[in-house]
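Engineer: Please see the structure below; I have some questions.
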Amino acid sequence: MYEGMLAETIMLPGHNGEIINAYYARPLGPGPFPGVVLIHHMPGWDELYREFTRKFAHHGYLAISPNIYSRFGHGSPDDISAKVRGSGGVPDVSVVGDIDASARFLKSSPLSNRKVGVFGTCSGGRQAFLVACRTKSFDAAVNCWGGNVVQPKEKLTPAQPVAPIEYTKDLSCPLLGLFGEEDKNPTPENVHQLEEELKKYGKNYEFHMYPGAGHGFFYYPSVAYRPEAAVDGWKKMFTFFEKYLETSGRGR
Amino acid sequence: MCTGIVETAEVSGSGKGPRGWFKLEHVNVSYDHPNDASFEHALNIDFVNPNEGPSARVAVELSPESARTLVKAILGVLTQAGLPMA
């Protein structure tokens with residue numbers, strides 16, 4: 001069977017119609033394909049997220065990773081990430097706008113099956129949950145070790161004025177959560193608090209807590225990498241997306 | 001940004017970045033994920049000049065113990081120079 005993909009940087013209108021850049025990968029072929037929006041982690045719009053984006057395309061998805069740090073300038077991911085950190089973080093409002101716009105971009109493609117999921121790790125995990133609550137654009141959401149979903153009032157900031165857990169009642173799609181038992185943010189207690197809130201509102205969710213793993217256990221270039229948890233986590237994620245996005249299961 | 005623990009202060013002096021020396025305006029000190037150091041979290045120090053773009057940055061990522069050692073060393077040198085804490 002012929003197999004191919006196209007992966008490239010593109011520009012698209014994001015929050016408030018402002019032009020942002022994104023990395024877009026898609027399988028070659030007539031489709032229709034489901035879509036996934038990938039929200040990059042705190043270290044920025046980096047090589048790892050380009051790899052993740054291509055991985056989704058390999059599995060038969062239209063995959064887009066918007067640069068949610070676009071408004072902070074352009075340069076090496078670590079420099080931009082440092083600027084964002086020093087500026088108090090990327091505002092939730094622009095993240096929601098950019099991710100929502102990315103979902104619209106995918107659905108507008110003639111190759112789309114009109115089903116779109118959202119995936120994020122680290123701060124992107126928090127934002128995936130947030131966007132799934134604040135919009136109705138997604139059919140499935142994956143939160144990988146998103147910290148600060150539970151935020152005490154003293155940790156709220158102008159950029160992040162509301163703890164995402166407060167929006168749980170508005171969660172608009174099934175949620176998969178992957179967490180590490182040794183993580184300090186979110187702690188297992190934070191995950192439990194979120195789970196209780198999801199139960200309270202009768203939401204469709206599936207959480208997995210990996211022993212021996214901390215924060216960022218998919219990140220193979222770092223000391224946080226836990227191969228067994230990562231392999232299992234990817235499997236669970238593709239099974240989840242196949243269920244809710246009507247995929248062909250290609251590439252497995 | 002996962003911990004969100006960051007403090008910003010104004011500084012004056014110079015730093016040497018990838019394009020040579022530049023004037024420093026701010027220092028951002030955070031405890032968060034490092035980019036390169038082999039820790040889950042690190043004490044990150046970024047000396048920056050926002051007017052010269054994101055690459056005008058001198059960055060270090062330290063273990064908490066190293067950060068404390070650095071603080072002691074700086075204060076020790078200032079004391080030896082007759083410049084104790086105000």
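Every chain in the structure tokens has a letter given in the order shown (A, B, ...), and although residue numbers restart at 1 in each chain, ligands are simply numbered from 1 in the order shown.
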Hey, which bits of chain A sit within 7 Å of chain B, and for each residue what's the closest pair of atoms and how far apart in Å (one decimal), counting only C-alpha atoms, rows by chain and increasing number, as JSON lines?
Structural biologist:
```
{"residue": "A:Met42", "atom": "CA", "partner": "B:Met1", "partner_atom": "CA", "distance": 4.7}
{"residue": "A:Pro43", "atom": "CA", "partner": "B:Asn35", "partner_atom": "CA", "distance": 6.6}
{"residue": "A:Gly75", "atom": "CA", "partner": "B:Pro54", "partner_atom": "CA", "distance": 6.8}
{"residue": "A:Asp78", "atom": "CA", "partner": "B:Asn35", "partner_atom": "CA", "distance": 6.7}
{"residue": "A:Asp79", "atom": "CA", "partner": "B:Pro54", "partner_atom": "CA", "distance": 5.4}
{"residue": "A:Ile80", "atom": "CA", "partner": "B:Pro54", "partner_atom": "CA", "distance": 5.9}
{"residue": "A:Lys83", "atom": "CA", "partner": "B:Pro54", "partner_atom": "CA", "distance": 6.3}
{"residue": "A:Arg85", "atom": "CA", "partner": "B:Met1", "partner_atom": "CA", "distance": 6.9}
{"residue": "A:Gly86", "atom": "CA", "partner": "B:Asn28", "partner_atom": "CA", "distance": 5.6}
{"residue": "A:Gly89", "atom": "CA", "partner": "B:Met1", "partner_atom": "CA", "distance": 6.6}
{"residue": "A:Cys122", "atom": "CA", "partner": "B:Cys2", "partner_atom": "CA", "distance": 6.4}
{"residue": "A:Ser123", "atom": "CA", "partner": "B:Met1", "partner_atom": "CA", "distance": 5.3}
{"residue": "A:Gly147", "atom": "CA", "partner": "B:Cys2", "partner_atom": "CA", "distance": 5.3}
{"residue": "A:Asn148", "atom": "CA", "partner": "B:Cys2", "partner_atom": "CA", "distance": 6.7}
{"residue": "A:Asn185", "atom": "CA", "partner": "B:Cys2", "partner_atom": "CA", "distance": 6.9}
{"residue": "A:Ser222", "atom": "CA", "partner": "B:Ser38", "partner_atom": "CA", "distance": 6.8}
{"residue": "A:Val223", "atom": "CA", "partner": "B:Ser38", "partner_atom": "CA", "distance": 6.0}
{"residue": "A:Ala224", "atom": "CA", "partner": "B:Glu40", "partner_atom": "CA", "distance": 6.6}
```
Engineer: Env of range 124-129 of chain A: 8 Å cut, atoms = only C-alpha atoms, seq-sep filter 2 positions within chain, self excluded. Answer as a PyMOL selection string.
Structural biologist: chain A and resi 39-42+92+95-96+118-122+131-133+141-149+164+171+175
Engineer: Take the selection from the previous step and output its residues with N, CA and C atoms, as an mmCIF file, in the first residue's frame.
Structural biologist:
```
data_model
loop_
_atom_site.group_PDB
_atom_site.id
_atom_site.type_symbol
_atom_site.label_atom_id
_atom_site.label_comp_id
_atom_site.auth_asym_id
_atom_site.auth_seq_id
_atom_site.Cartn_x
_atom_site.Cartn_y
_atom_site.Cartn_z
ATOM 1 N N ILE A 39 -1.573 20.818 21.121
ATOM 2 C CA ILE A 39 -1.185 22.040 21.849
ATOM 3 C C ILE A 39 0.197 21.798 22.460
ATOM 4 N N HIS A 40 1.165 22.553 21.992
ATOM 5 C CA HIS A 40 2.543 22.302 22.423
ATOM 6 C C HIS A 40 2.736 22.585 23.912
ATOM 7 N N HIS A 41 3.793 22.025 24.454
ATOM 8 C CA HIS A 41 4.059 22.139 25.884
ATOM 9 C C HIS A 41 4.760 23.455 26.222
ATOM 10 N N MET A 42 4.994 23.652 27.538
ATOM 11 C CA MET A 42 5.593 24.903 27.986
ATOM 12 C C MET A 42 6.926 25.211 27.295
ATOM 13 N N ASP A 92 -4.874 32.579 28.577
ATOM 14 C CA ASP A 92 -5.847 31.530 28.250
ATOM 15 C C ASP A 92 -6.760 31.947 27.100
ATOM 16 N N VAL A 95 -5.172 31.370 23.782
ATOM 17 C CA VAL A 95 -4.998 29.928 23.532
ATOM 18 C C VAL A 95 -6.320 29.323 23.056
ATOM 19 N N VAL A 96 -7.388 29.634 23.765
ATOM 20 C CA VAL A 96 -8.697 29.087 23.376
ATOM 21 C C VAL A 96 -9.031 29.532 21.949
ATOM 22 N N VAL A 118 -8.489 17.045 20.350
ATOM 23 C CA VAL A 118 -7.439 17.958 20.821
ATOM 24 C C VAL A 118 -6.558 17.202 21.805
ATOM 25 N N PHE A 119 -5.263 17.462 21.698
ATOM 26 C CA PHE A 119 -4.266 16.755 22.511
ATOM 27 C C PHE A 119 -3.244 17.764 23.003
ATOM 28 N N GLY A 120 -2.838 17.626 24.251
ATOM 29 C CA GLY A 120 -1.770 18.489 24.740
ATOM 30 C C GLY A 120 -1.063 17.859 25.922
ATOM 31 N N THR A 121 0.189 18.234 26.099
ATOM 32 C CA THR A 121 0.983 17.740 27.228
ATOM 33 C C THR A 121 1.462 18.931 28.053
ATOM 34 N N CYS A 122 1.657 18.680 29.359
ATOM 35 C CA CYS A 122 2.186 19.721 30.246
ATOM 36 C C CYS A 122 1.183 20.885 30.271
ATOM 37 N N VAL A 131 -9.882 24.126 26.615
ATOM 38 C CA VAL A 131 -10.526 24.364 25.315
ATOM 39 C C VAL A 131 -11.732 23.448 25.133
ATOM 40 N N ALA A 132 -11.623 22.218 25.646
ATOM 41 C CA ALA A 132 -12.743 21.275 25.537
ATOM 42 C C ALA A 132 -13.931 21.738 26.383
ATOM 43 N N CYS A 133 -13.653 22.564 27.376
ATOM 44 C CA CYS A 133 -14.728 23.123 28.212
ATOM 45 C C CYS A 133 -15.268 24.434 27.631
ATOM 46 N N ALA A 141 -10.946 14.798 23.701
ATOM 47 C CA ALA A 141 -9.826 15.597 24.225
ATOM 48 C C ALA A 141 -8.899 14.709 25.050
ATOM 49 N N VAL A 142 -7.590 14.968 24.924
ATOM 50 C CA VAL A 142 -6.599 14.208 25.688
ATOM 51 C C VAL A 142 -5.743 15.195 26.489
ATOM 52 N N ASN A 143 -5.790 15.017 27.787
ATOM 53 C CA ASN A 143 -4.992 15.840 28.704
ATOM 54 C C ASN A 143 -3.873 14.970 29.255
ATOM 55 N N CYS A 144 -2.648 15.228 28.812
ATOM 56 C CA CYS A 144 -1.499 14.493 29.332
ATOM 57 C C CYS A 144 -0.813 15.351 30.392
ATOM 58 N N TRP A 145 -0.905 14.909 31.630
ATOM 59 C CA TRP A 145 -0.245 15.529 32.791
ATOM 60 C C TRP A 145 -0.337 17.066 32.819
ATOM 61 N N GLY A 146 -1.518 17.566 32.510
ATOM 62 C CA GLY A 146 -1.693 19.018 32.539
ATOM 63 C C GLY A 146 -1.695 19.538 33.966
ATOM 64 N N GLY A 147 -0.725 20.372 34.304
ATOM 65 C CA GLY A 147 -0.659 20.970 35.633
ATOM 66 C C GLY A 147 -1.565 22.187 35.706
ATOM 67 N N ASN A 148 -1.900 22.573 36.926
ATOM 68 C CA ASN A 148 -2.679 23.793 37.166
ATOM 69 C C ASN A 148 -4.088 23.760 36.586
ATOM 70 N N VAL A 149 -4.635 22.573 36.371
ATOM 71 C CA VAL A 149 -6.074 22.489 36.094
ATOM 72 C C VAL A 149 -6.794 22.847 37.391
ATOM 73 N N PRO A 164 -9.114 25.983 35.387
ATOM 74 C CA PRO A 164 -9.933 25.212 34.441
ATOM 75 C C PRO A 164 -10.929 24.273 35.106
ATOM 76 N N LEU A 171 -17.623 20.799 30.044
ATOM 77 C CA LEU A 171 -16.825 19.900 29.189
ATOM 78 C C LEU A 171 -17.733 19.318 28.100
ATOM 79 N N LEU A 175 -13.166 12.754 27.533
ATOM 80 C CA LEU A 175 -11.833 13.172 27.969
ATOM 81 C C LEU A 175 -10.989 11.960 28.358
#
```
Engineer: I want to know what sits within 10 Å of Ile19 in chain A, based on only C-alpha atoms, with residues of the same chain fewer than 4 positions away left out; could you give that as a list in words?
Structural biologist: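 Final neighbour list, sorted by chain and number: Met11, Leu12, Pro13, Gly14, His15, Ser70, Arg71 and Asp98 of chain A.
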Engineer: Return the single residue from A:Glu8, A:Asp46, A:Glu197, A:Glu18 that is closest to Ile64 in chain A, with distances computed using only C-alpha atoms.
Structural biologist: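 Of all the options, A:Glu8 lies closest to Ile64 in chain A.
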Engineer: Going by DSSP on the backbone, which bits of chain B are strand (DSSP E or B)? Write them as a PyMOL selection string, please.
Structural biologist: chain B and resi 5-17+20-32+42-48+57-62
Engineer: Taking into account only C-alpha atoms, which residue in the set A:Pro211, A:Tyr219, A:Pro91, A:Leu176 is nearest to Gln160 in chain A?
Structural biologist: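 Of A:Pro211, A:Tyr219, A:Pro91, A:Leu176, the one nearest Gln160 in chain A, counting only C-alpha atoms, is A:Pro91.
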Engineer: With distances taken over only C-alpha atoms, which residue among A:Ala213, A:Ile68, A:Ala163, A:Ala25 lies nearest Leu194 in chain A?
Structural biologist: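 Selected residue with least distance to Leu194 in chain A: A:Ala163.
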Engineer: Between CA of Ser76 in chain A and CA of Tyr23 in chain A, measure the distance and give it in Å to one decimal.
Structural biologist: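 So the answer is 15.1 Å.
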Engineer: For the atom pair CA of Glu242 in chain A and CA of Phe33 in chain A, what is the interatomic distance in Å to one decimal place?
Structural biologist: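 Rounded to one decimal, the two atoms are 11.2 Å apart.
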